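Asks: File name structure.cif; file contents mmCIF, C-alpha atoms (C1' of nucleotides); full text below.
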data_protein
loop_
_atom_site.label_atom_id
_atom_site.label_comp_id
_atom_site.auth_asym_id
_atom_site.auth_seq_id
_atom_site.Cartn_x
_atom_site.Cartn_y
_atom_site.Cartn_z
CA MET A 1 102.81 86.43 106.53
CA LEU A 2 101.93 83.42 104.39
CA PRO A 3 98.63 83.41 102.50
CA LEU A 4 95.98 80.80 103.06
CA THR A 5 96.75 79.42 99.62
CA ASP A 6 99.95 78.03 101.11
CA LEU A 7 99.21 74.41 101.90
CA ARG A 8 101.02 74.31 105.22
CA THR A 9 99.34 77.47 106.37
CA LYS A 10 96.00 76.13 105.26
CA ALA A 11 96.51 72.92 107.20
CA MET A 12 97.51 74.83 110.30
CA PHE A 13 94.40 76.98 110.32
CA ALA A 14 92.25 73.96 109.53
CA SER A 15 93.63 72.19 112.60
CA ARG A 16 92.97 75.18 114.78
CA ALA A 17 89.47 75.58 113.43
CA ALA A 18 88.76 71.93 114.15
CA VAL A 19 89.46 72.47 117.85
CA LEU A 20 87.17 75.49 118.03
CA LYS A 21 84.52 73.67 116.04
CA ALA A 22 84.57 70.86 118.57
CA MET A 23 83.80 73.39 121.30
CA ALA A 24 81.24 75.39 119.37
CA HIS A 25 78.05 73.79 120.62
CA PRO A 26 75.97 74.67 123.71
CA SER A 27 75.94 71.15 125.11
CA ARG A 28 79.64 70.69 124.58
CA LEU A 29 80.48 74.00 126.23
CA PHE A 30 78.25 72.97 129.10
CA ILE A 31 80.11 69.67 129.36
CA LEU A 32 83.45 71.48 129.53
CA ASP A 33 82.06 73.73 132.23
CA ARG A 34 80.98 70.72 134.29
CA LEU A 35 84.25 68.90 133.75
CA SER A 36 86.13 71.93 135.00
CA GLN A 37 84.72 71.10 138.43
CA ARG A 38 85.24 67.34 138.45
CA GLU A 39 85.14 64.31 136.21
CA HIS A 40 81.71 63.03 135.20
CA CYS A 41 80.33 59.85 133.70
CA VAL A 42 78.06 59.90 130.66
CA GLN A 43 75.01 59.23 132.76
CA GLU A 44 75.52 62.25 134.97
CA LEU A 45 76.06 64.56 132.03
CA THR A 46 73.01 63.15 130.28
CA GLU A 47 70.78 64.07 133.21
CA LEU A 48 72.23 67.56 133.40
CA ILE A 49 71.81 68.16 129.69
CA GLY A 50 68.42 66.56 129.28
CA ALA A 51 69.01 64.95 125.89
CA ASP A 52 69.17 61.36 124.74
CA ILE A 53 72.21 59.52 126.09
CA SER A 54 73.29 58.64 122.56
CA THR A 55 73.37 62.34 121.73
CA VAL A 56 75.52 63.11 124.76
CA SER A 57 77.82 60.22 123.96
CA LYS A 58 78.37 61.63 120.50
CA HIS A 59 79.12 65.07 121.87
CA LEU A 60 81.70 63.51 124.17
CA ALA A 61 83.22 61.68 121.22
CA VAL A 62 83.62 65.00 119.43
CA LEU A 63 85.45 66.51 122.40
CA ARG A 64 87.57 63.40 122.82
CA ASN A 65 88.56 63.26 119.16
CA ALA A 66 89.53 66.91 119.37
CA GLY A 67 91.84 66.10 122.25
CA ILE A 68 90.02 68.33 124.72
CA VAL A 69 88.74 65.69 127.12
CA SER A 70 89.98 62.26 128.08
CA ASP A 71 87.96 59.18 128.94
CA ASP A 72 88.62 56.51 131.51
CA LYS A 73 86.54 53.37 131.61
CA ARG A 74 86.16 52.04 135.14
CA GLY A 75 83.76 49.14 135.42
CA GLN A 76 80.69 49.79 133.34
CA GLN A 77 81.05 53.53 133.48
CA VAL A 78 83.18 55.83 131.39
CA TRP A 79 84.50 58.85 133.24
CA TYR A 80 85.33 61.96 131.31
CA SER A 81 87.70 64.68 132.48
CA LEU A 82 89.10 67.91 131.14
CA ARG A 83 92.42 67.27 129.46
CA VAL A 84 93.29 70.85 128.52
CA PRO A 85 92.03 73.19 131.25
CA CYS A 86 93.16 76.30 129.40
CA VAL A 87 90.07 76.08 127.22
CA LEU A 88 88.20 77.57 130.16
CA ARG A 89 89.97 80.86 129.60
CA PHE A 90 87.92 81.15 126.47
CA PHE A 91 84.84 81.95 128.49
CA ASP A 92 86.18 85.27 129.74
CA CYS A 93 86.91 86.51 126.27
CA VAL A 94 83.67 85.19 124.87
CA GLU A 95 81.81 87.18 127.51
CA THR A 96 83.73 90.25 126.39
CA VAL A 97 82.56 89.67 122.85
CA LEU A 98 78.98 89.23 123.97
CA GLN A 99 78.99 92.38 126.06
CA GLY A 100 80.53 94.35 123.21
CA ARG A 101 77.47 93.52 121.21
CA GLY A 102 75.15 95.02 123.79
CA MET B 1 75.33 74.43 139.16
CA LEU B 2 72.23 74.81 136.98
CA PRO B 3 71.46 72.09 134.44
CA LEU B 4 71.22 72.79 130.76
CA THR B 5 67.50 72.20 130.97
CA ASP B 6 67.26 75.57 132.70
CA LEU B 7 66.26 78.04 130.02
CA ARG B 8 68.52 80.87 131.15
CA THR B 9 71.49 78.54 131.38
CA LYS B 10 70.66 77.12 127.98
CA ALA B 11 70.52 80.59 126.45
CA MET B 12 73.84 81.54 128.02
CA PHE B 13 75.68 78.55 126.62
CA ALA B 14 73.99 79.04 123.26
CA SER B 15 75.32 82.60 123.11
CA ARG B 16 78.81 81.48 124.01
CA ALA B 17 78.70 78.71 121.45
CA ALA B 18 77.62 81.16 118.78
CA VAL B 19 80.80 83.20 119.28
CA LEU B 20 83.02 80.13 119.04
CA LYS B 21 81.07 78.92 116.04
CA ALA B 22 81.75 82.19 114.28
CA MET B 23 85.45 81.63 114.76
CA ALA B 24 85.47 77.93 113.94
CA HIS B 25 86.46 78.08 110.29
CA PRO B 26 89.94 78.11 108.74
CA SER B 27 89.34 81.20 106.63
CA ARG B 28 87.80 83.11 109.50
CA LEU B 29 90.65 82.24 111.85
CA PHE B 30 93.04 83.36 109.15
CA ILE B 31 91.16 86.63 108.85
CA LEU B 32 91.43 87.22 112.60
CA ASP B 33 95.14 86.50 112.41
CA ARG B 34 95.59 89.09 109.65
CA LEU B 35 93.43 91.65 111.39
CA SER B 36 95.57 91.29 114.50
CA GLN B 37 98.33 93.00 112.54
CA ARG B 38 96.33 95.78 110.89
CA GLU B 39 92.98 96.50 109.34
CA HIS B 40 92.29 95.05 105.91
CA CYS B 41 89.76 95.62 103.17
CA VAL B 42 87.80 92.77 101.61
CA GLN B 43 89.90 92.81 98.51
CA GLU B 44 93.16 92.28 100.38
CA LEU B 45 91.76 89.42 102.38
CA THR B 46 90.30 87.84 99.26
CA GLU B 47 93.71 87.71 97.63
CA LEU B 48 95.32 86.25 100.73
CA ILE B 49 92.64 83.61 101.10
CA GLY B 50 92.29 82.72 97.44
CA ALA B 51 88.52 82.21 97.39
CA ASP B 52 85.71 84.05 95.65
CA ILE B 53 85.18 87.54 97.03
CA SER B 54 81.55 86.73 97.81
CA THR B 55 82.73 83.87 99.99
CA VAL B 56 85.12 86.12 101.89
CA SER B 57 82.45 88.77 102.27
CA LYS B 58 80.14 86.23 103.87
CA HIS B 59 82.86 85.08 106.24
CA LEU B 60 83.36 88.68 107.28
CA ALA B 61 79.64 89.06 107.83
CA VAL B 62 79.72 86.08 110.17
CA LEU B 63 82.53 87.64 112.22
CA ARG B 64 80.80 91.01 112.22
CA ASN B 65 77.45 89.60 113.33
CA ALA B 66 79.23 87.79 116.13
CA GLY B 67 80.68 91.09 117.29
CA ILE B 68 84.28 90.03 116.78
CA VAL B 69 85.24 92.45 114.01
CA SER B 70 84.01 95.88 113.02
CA ASP B 71 83.65 97.35 109.56
CA ASP B 72 84.31 100.87 108.34
CA LYS B 73 83.29 101.93 104.87
CA ARG B 74 85.65 104.51 103.40
CA GLY B 75 85.04 105.30 99.78
CA GLN B 76 84.44 102.16 97.80
CA GLN B 77 86.29 99.99 100.24
CA VAL B 78 85.16 98.46 103.51
CA TRP B 79 87.90 98.17 106.10
CA TYR B 80 87.66 95.48 108.72
CA SER B 81 89.44 95.54 112.05
CA LEU B 82 89.63 93.37 115.13
CA ARG B 83 87.12 94.56 117.69
CA VAL B 84 87.93 92.11 120.48
CA PRO B 85 91.67 91.41 120.45
CA CYS B 86 91.44 88.90 123.29
CA VAL B 87 90.25 86.28 120.84
CA LEU B 88 93.88 85.96 119.81
CA ARG B 89 94.66 84.35 123.14
CA PHE B 90 92.70 81.39 121.90
CA PHE B 91 95.51 80.43 119.60
CA ASP B 92 97.91 79.58 122.40
CA CYS B 93 95.49 77.22 124.03
CA VAL B 94 94.43 75.68 120.76
CA GLU B 95 98.06 74.88 120.04
CA THR B 96 98.24 73.19 123.43
CA VAL B 97 95.28 71.03 122.50
CA LEU B 98 96.83 70.14 119.17
CA GLN B 99 100.17 69.20 120.71
CA GLY B 100 98.45 67.09 123.32
CA ARG B 101 97.08 65.02 120.49
CA GLY B 102 100.43 64.67 118.70
"C1'" DT C 1 75.62 109.88 82.61
"C1'" DC C 2 78.37 105.97 81.72
"C1'" DG C 3 81.56 102.52 83.05
"C1'" DA C 4 84.57 100.58 86.34
"C1'" DT C 5 85.53 99.16 91.02
"C1'" DT C 6 84.22 97.33 95.53
"C1'" DC C 7 81.35 94.93 98.27
"C1'" DT C 8 76.95 92.54 99.54
"C1'" DT C 9 73.08 89.52 98.73
"C1'" DG C 10 70.29 85.76 96.63
"C1'" DG C 11 70.20 81.30 95.02
"C1'" DC C 12 71.84 76.88 94.01
"C1'" DG C 13 73.95 72.05 94.90
"C1'" DA C 14 77.04 69.56 97.84
"C1'" DT C 15 78.40 68.42 102.23
"C1'" DA C 16 78.22 68.30 107.31
"C1'" DT C 17 75.86 68.41 111.76
"C1'" DA C 18 72.22 67.35 115.41
"C1'" DG C 19 68.86 64.80 117.29
"C1'" DC C 20 66.29 60.59 118.09
"C1'" DC C 21 65.45 55.50 118.05
"C1'" DA C 22 67.14 50.97 117.74
"C1'" DA C 23 70.72 47.79 117.88
"C1'" DA C 24 75.28 46.32 119.30
"C1'" DC C 25 78.97 46.12 122.61
"C1'" DG C 26 81.44 45.28 127.05
"C1'" DA C 27 81.33 44.55 131.98
"C1'" DT C 28 78.90 42.80 136.03
"C1'" DG C 29 76.10 39.66 138.70
"C1'" DC C 30 73.14 35.69 139.27
"C1'" DG D 1 75.06 31.01 130.15
"C1'" DC D 2 71.83 34.73 130.60
"C1'" DA D 3 69.94 39.15 132.02
"C1'" DT D 4 71.14 43.78 133.17
"C1'" DC D 5 73.40 48.15 133.19
"C1'" DG D 6 76.17 51.83 130.98
"C1'" DT D 7 77.90 53.28 126.79
"C1'" DT D 8 78.74 53.42 121.86
"C1'" DT D 9 77.47 52.97 117.04
"C1'" DG D 10 74.41 52.79 112.93
"C1'" DG D 11 70.73 54.69 110.54
"C1'" DC D 12 67.53 58.01 109.56
"C1'" DT D 13 65.48 62.81 108.80
"C1'" DA D 14 65.80 67.66 109.41
"C1'" DT D 15 68.52 71.50 109.40
"C1'" DA D 16 72.69 74.31 108.74
"C1'" DT D 17 76.96 75.50 106.39
"C1'" DC D 18 80.12 76.27 102.44
"C1'" DG D 19 81.46 77.50 98.04
"C1'" DC D 20 80.53 79.31 93.60
"C1'" DC D 21 78.04 82.19 90.13
"C1'" DA D 22 75.05 85.91 89.07
"C1'" DA D 23 72.81 89.98 90.18
"C1'" DG D 24 72.21 94.16 92.97
"C1'" DA D 25 73.84 98.39 95.51
"C1'" DA D 26 77.16 102.05 96.35
"C1'" DT D 27 81.12 104.90 95.17
"C1'" DC D 28 84.27 107.07 92.15
"C1'" DG D 29 86.42 108.87 87.68
"C1'" DA D 30 85.87 110.35 83.06
#
So that I can check it, write out the structure of this file as structure tokens.

Replies:
Amino acid sequence: MLPLTDLRTKAMFASRAAVLKAMAHPSRLFILDRLSQREHCVQELTELIGADISTVSKHLAVLRNAGIVSDDKRGQQVWYSLRVPCVLRFFDCVETVLQGRG
Amino acid sequence: MLPLTDLRTKAMFASRAAVLKAMAHPSRLFILDRLSQREHCVQELTELIGADISTVSKHLAVLRNAGIVSDDKRGQQVWYSLRVPCVLRFFDCVETVLQGRG
DNA sequence: TCGATTCTTGGCGATATAGCCAAACGATGC
DNA sequence: GCATCGTTTGGCTATATCGCCAAGAATCGA
């Protein structure tokens, strides 16, 4: 109903876009996929991704700031887990989009 | 199972991320929301969004290239419609993420 | 054919993102 | 205290994105 020139509407769509933006990276999608199975520490994810640990840490910060994952520091390790499992439902639809493109 | 260092796995997550990336912008989410009601031409969307028409046209190109919307040129106008309605289910989950951050 | 309308494309500057290395931080163990 | 391990942060360069303006392409009416 309301146009995007409406400030409240604009803010709402900006918030939504921020969540999707946080997910819109191969490594971060991969992280969510792993976390759907069990919690992981940064080290584990770094090995699976094959990038510098500082890079992985920053990806995790993006997901955490978006509210998608939660972190739990136990000893020297920080364990990350999926906070909002419904994001996994995205995958089904995304596959639909990809197949529709042939 | 497979790490992201595996090339096929990497390509798969890159494709998925590309779809989310195409959606991850306030104006583009707004466009999807409008198209969920009915098809729109570029002009209509431009008025609702309040940006330059060239900007809106480029946003539509992003959605089209991602396979999310389809275009139909009739006369001088190009009508856009939602090709993969399941993307709308994203909104529910995104709201869940946002509320979890409250 | 001419002009008007609709949309797309090219190009530009400003801003944001991704990756690495290096340094800092916090917890653990000697 | 000091070294070590796991993680985060700062800084840097390279690359990508966003928005506008201007120009091009396509369609229609006069």

Asks: Quote the spacing between atom C1' of C:DG19 and atom CA of A:Asp52 in Å to one decimal place.

Replies: 8.2 Å

Asks: Could you work out how far atom CA of A:Val69 lies from atom CA of A:Ser81, giving the answer in Å with one decimal?

Replies: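 Calculated distance between atom CA of A:Ser81 and atom CA of A:Val69 is 5.6 Å.
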
Asks: Output as number ranges by chain the set of chain D residues within 12 Å of chain B, with distances taken over all atoms listed in the file.

Replies: D: 17-22, 25-28

Asks: Mind giving me the straight-line distance from atom CA of A:Glu39 to atom CA of A:Leu82 in Å, one decimal?

Replies: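 Here the two named atoms are 7.4 Å from each other.
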
Asks: What do you get, as a list in words, if you spell out every residue that the PyMOL selection byres ((chain C) within 8 of (chain B)) selects here?

Replies: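 Selected by the PyMOL selection byres ((chain C) within 8 of (chain B)) in this file: DT5, DT6, DC7 and DT8 of chain C.
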
Asks: Select residues of chain A: the criterion is any atom within 8 Å of an atom of chain B, counting all atoms listed in the file; output as a ChimeraX atom specification.

Replies: /A:3-5,10,13-21,23-27,29-30,48-50,66-68,84,86-87,90-91,93-98,100-101

Asks: On this file, the PyMOL selection byres ((chain C and resi 28) around 10) gives some set of residues; write that set as a list of chain:residue names.

Replies: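 When the PyMOL selection byres ((chain C and resi 28) around 10) is applied, the selected residues are A:Gly75, A:Gln76, C:DG26, C:DA27, C:DG29, C:DC30, D:DT4, D:DC5.
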
Asks: Generate the output file for the selected residues, C-alpha atoms (C1' of nucleotides), as a PDB file, in the coordinates of the input.

Replies:
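Full text of selection39.pdb as output:
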ATOM      1  CA  GLY A  75      83.760  49.140 135.420  1.00  0.00           C
ATOM      2  CA  GLN A  76      80.690  49.790 133.340  1.00  0.00           C
TER       3      GLN A  76
ATOM      4  C1'  DG C  26      81.440  45.280 127.050  1.00  0.00           C
ATOM      5  C1'  DA C  27      81.330  44.550 131.980  1.00  0.00           C
ATOM      6  C1'  DG C  29      76.100  39.660 138.700  1.00  0.00           C
ATOM      7  C1'  DC C  30      73.140  35.690 139.270  1.00  0.00           C
TER       8       DC C  30
ATOM      9  C1'  DT D   4      71.140  43.780 133.170  1.00  0.00           C
ATOM     10  C1'  DC D   5      73.400  48.150 133.190  1.00  0.00           C
TER      11       DC D   5
END

Asks: Report as a PyMOL selection string the full result of the PyMOL selection byres ((chain C and resi 23) around 12) when it is applied to this structure.

Replies: (chain C and resi 21-22+24-25) or (chain D and resi 8-11)

Asks: I need the residues from that last selection saved to file as a compact mmCIF listing (two decimals), keeping the file's coordinate frame (with C-alpha atoms (C1' of nucleotides)), if you can.

Replies:
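Writing the result to again_28.txt gives the following:
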# COMPACT_ATOMS: atom_id res chain seq x y z
C1' DC C 21 65.45 55.50 118.05
C1' DA C 22 67.14 50.97 117.74
C1' DA C 24 75.28 46.32 119.30
C1' DC C 25 78.97 46.12 122.61
C1' DT D 8 78.74 53.42 121.86
C1' DT D 9 77.47 52.97 117.04
C1' DG D 10 74.41 52.79 112.93
C1' DG D 11 70.73 54.69 110.54

Asks: Output stretch 77-88 of chain A with all heavy atoms present, as a PDB file, in the frame of the given file.

Replies:
ATOM      1  N   GLN A  77      81.177  52.119 133.773  1.00  0.00           N
ATOM      2  CA  GLN A  77      81.050  53.530 133.480  1.00  0.00           C
ATOM      3  C   GLN A  77      82.299  54.104 132.822  1.00  0.00           C
ATOM      4  O   GLN A  77      83.398  53.636 133.053  1.00  0.00           O
ATOM      5  CB  GLN A  77      80.757  54.306 134.774  1.00  0.00           C
ATOM      6  CG  GLN A  77      79.399  53.964 135.360  1.00  0.00           C
ATOM      7  CD  GLN A  77      79.234  54.515 136.756  1.00  0.00           C
ATOM      8  OE1 GLN A  77      80.217  54.652 137.487  1.00  0.00           O
ATOM      9  NE2 GLN A  77      78.014  54.834 137.130  1.00  0.00           N
ATOM     10  N   VAL A  78      82.084  55.113 132.014  1.00  0.00           N
ATOM     11  CA  VAL A  78      83.180  55.830 131.390  1.00  0.00           C
ATOM     12  C   VAL A  78      83.226  57.231 131.985  1.00  0.00           C
ATOM     13  O   VAL A  78      82.247  57.968 131.907  1.00  0.00           O
ATOM     14  CB  VAL A  78      83.012  55.909 129.858  1.00  0.00           C
ATOM     15  CG1 VAL A  78      84.169  56.671 129.237  1.00  0.00           C
ATOM     16  CG2 VAL A  78      82.914  54.514 129.264  1.00  0.00           C
ATOM     17  N   TRP A  79      84.355  57.550 132.593  1.00  0.00           N
ATOM     18  CA  TRP A  79      84.500  58.850 133.240  1.00  0.00           C
ATOM     19  C   TRP A  79      85.273  59.800 132.352  1.00  0.00           C
ATOM     20  O   TRP A  79      86.366  59.469 131.887  1.00  0.00           O
ATOM     21  CB  TRP A  79      85.192  58.699 134.601  1.00  0.00           C
ATOM     22  CG  TRP A  79      84.330  57.934 135.559  1.00  0.00           C
ATOM     23  CD1 TRP A  79      84.265  56.565 135.689  1.00  0.00           C
ATOM     24  CD2 TRP A  79      83.374  58.486 136.460  1.00  0.00           C
ATOM     25  NE1 TRP A  79      83.328  56.236 136.638  1.00  0.00           N
ATOM     26  CE2 TRP A  79      82.769  57.388 137.136  1.00  0.00           C
ATOM     27  CE3 TRP A  79      82.969  59.773 136.775  1.00  0.00           C
ATOM     28  CZ2 TRP A  79      81.782  57.574 138.101  1.00  0.00           C
ATOM     29  CZ3 TRP A  79      81.992  59.947 137.746  1.00  0.00           C
ATOM     30  CH2 TRP A  79      81.403  58.855 138.395  1.00  0.00           C
ATOM     31  N   TYR A  80      84.698  60.953 132.163  1.00  0.00           N
ATOM     32  CA  TYR A  80      85.330  61.960 131.310  1.00  0.00           C
ATOM     33  C   TYR A  80      85.911  63.071 132.170  1.00  0.00           C
ATOM     34  O   TYR A  80      85.314  63.479 133.170  1.00  0.00           O
ATOM     35  CB  TYR A  80      84.311  62.542 130.331  1.00  0.00           C
ATOM     36  CG  TYR A  80      84.053  61.629 129.156  1.00  0.00           C
ATOM     37  CD1 TYR A  80      83.077  60.639 129.221  1.00  0.00           C
ATOM     38  CD2 TYR A  80      84.800  61.745 127.989  1.00  0.00           C
ATOM     39  CE1 TYR A  80      82.845  59.788 128.144  1.00  0.00           C
ATOM     40  CE2 TYR A  80      84.574  60.909 126.919  1.00  0.00           C
ATOM     41  CZ  TYR A  80      83.596  59.929 127.004  1.00  0.00           C
ATOM     42  OH  TYR A  80      83.371  59.085 125.936  1.00  0.00           O
ATOM     43  N   SER A  81      87.083  63.569 131.759  1.00  0.00           N
ATOM     44  CA  SER A  81      87.700  64.680 132.480  1.00  0.00           C
ATOM     45  C   SER A  81      88.339  65.648 131.496  1.00  0.00           C
ATOM     46  O   SER A  81      88.625  65.299 130.352  1.00  0.00           O
ATOM     47  CB  SER A  81      88.732  64.167 133.483  1.00  0.00           C
ATOM     48  OG  SER A  81      89.678  63.357 132.828  1.00  0.00           O
ATOM     49  N   LEU A  82      88.539  66.855 131.972  1.00  0.00           N
ATOM     50  CA  LEU A  82      89.100  67.910 131.140  1.00  0.00           C
ATOM     51  C   LEU A  82      90.594  67.672 130.976  1.00  0.00           C
ATOM     52  O   LEU A  82      91.338  67.582 131.946  1.00  0.00           O
ATOM     53  CB  LEU A  82      88.836  69.255 131.815  1.00  0.00           C
ATOM     54  CG  LEU A  82      88.937  70.514 130.959  1.00  0.00           C
ATOM     55  CD1 LEU A  82      88.091  70.379 129.706  1.00  0.00           C
ATOM     56  CD2 LEU A  82      88.470  71.705 131.781  1.00  0.00           C
ATOM     57  N   ARG A  83      91.023  67.577 129.724  1.00  0.00           N
ATOM     58  CA  ARG A  83      92.420  67.270 129.460  1.00  0.00           C
ATOM     59  C   ARG A  83      93.232  68.551 129.302  1.00  0.00           C
ATOM     60  O   ARG A  83      94.425  68.573 129.592  1.00  0.00           O
ATOM     61  CB  ARG A  83      92.480  66.441 128.181  1.00  0.00           C
ATOM     62  CG  ARG A  83      93.788  65.748 127.959  1.00  0.00           C
ATOM     63  CD  ARG A  83      93.716  64.927 126.680  1.00  0.00           C
ATOM     64  NE  ARG A  83      95.001  64.319 126.354  1.00  0.00           N
ATOM     65  CZ  ARG A  83      95.333  63.933 125.134  1.00  0.00           C
ATOM     66  NH1 ARG A  83      94.447  64.090 124.153  1.00  0.00           N
ATOM     67  NH2 ARG A  83      96.502  63.402 124.897  1.00  0.00           N
ATOM     68  N   VAL A  84      92.605  69.589 128.798  1.00  0.00           N
ATOM     69  CA  VAL A  84      93.290  70.850 128.520  1.00  0.00           C
ATOM     70  C   VAL A  84      92.532  71.984 129.189  1.00  0.00           C
ATOM     71  O   VAL A  84      91.715  72.662 128.559  1.00  0.00           O
ATOM     72  CB  VAL A  84      93.368  71.089 126.999  1.00  0.00           C
ATOM     73  CG1 VAL A  84      94.262  72.278 126.697  1.00  0.00           C
ATOM     74  CG2 VAL A  84      93.884  69.856 126.285  1.00  0.00           C
ATOM     75  N   PRO A  85      92.818  72.216 130.480  1.00  0.00           N
ATOM     76  CA  PRO A  85      92.030  73.190 131.250  1.00  0.00           C
ATOM     77  C   PRO A  85      92.054  74.599 130.678  1.00  0.00           C
ATOM     78  O   PRO A  85      91.156  75.392 130.953  1.00  0.00           O
ATOM     79  CB  PRO A  85      92.682  73.152 132.633  1.00  0.00           C
ATOM     80  CG  PRO A  85      93.380  71.833 132.698  1.00  0.00           C
ATOM     81  CD  PRO A  85      93.834  71.547 131.306  1.00  0.00           C
ATOM     82  N   CYS A  86      93.062  74.930 129.889  1.00  0.00           N
ATOM     83  CA  CYS A  86      93.160  76.300 129.400  1.00  0.00           C
ATOM     84  C   CYS A  86      91.982  76.691 128.530  1.00  0.00           C
ATOM     85  O   CYS A  86      91.726  77.875 128.307  1.00  0.00           O
ATOM     86  CB  CYS A  86      94.474  76.541 128.659  1.00  0.00           C
ATOM     87  SG  CYS A  86      94.674  75.621 127.127  1.00  0.00           S
ATOM     88  N   VAL A  87      91.228  75.718 128.035  1.00  0.00           N
ATOM     89  CA  VAL A  87      90.070  76.080 127.220  1.00  0.00           C
ATOM     90  C   VAL A  87      89.069  76.902 128.012  1.00  0.00           C
ATOM     91  O   VAL A  87      88.260  77.631 127.443  1.00  0.00           O
ATOM     92  CB  VAL A  87      89.369  74.842 126.619  1.00  0.00           C
ATOM     93  CG1 VAL A  87      90.275  74.099 125.679  1.00  0.00           C
ATOM     94  CG2 VAL A  87      88.839  73.940 127.703  1.00  0.00           C
ATOM     95  N   LEU A  88      89.140  76.811 129.325  1.00  0.00           N
ATOM     96  CA  LEU A  88      88.200  77.570 130.160  1.00  0.00           C
ATOM     97  C   LEU A  88      88.441  79.059 130.061  1.00  0.00           C
ATOM     98  O   LEU A  88      87.544  79.863 130.284  1.00  0.00           O
ATOM     99  CB  LEU A  88      88.305  77.105 131.606  1.00  0.00           C
ATOM    100  CG  LEU A  88      87.917  75.643 131.821  1.00  0.00           C
ATOM    101  CD1 LEU A  88      88.264  75.211 133.219  1.00  0.00           C
ATOM    102  CD2 LEU A  88      86.435  75.452 131.543  1.00  0.00           C
TER     103      LEU A  88
END
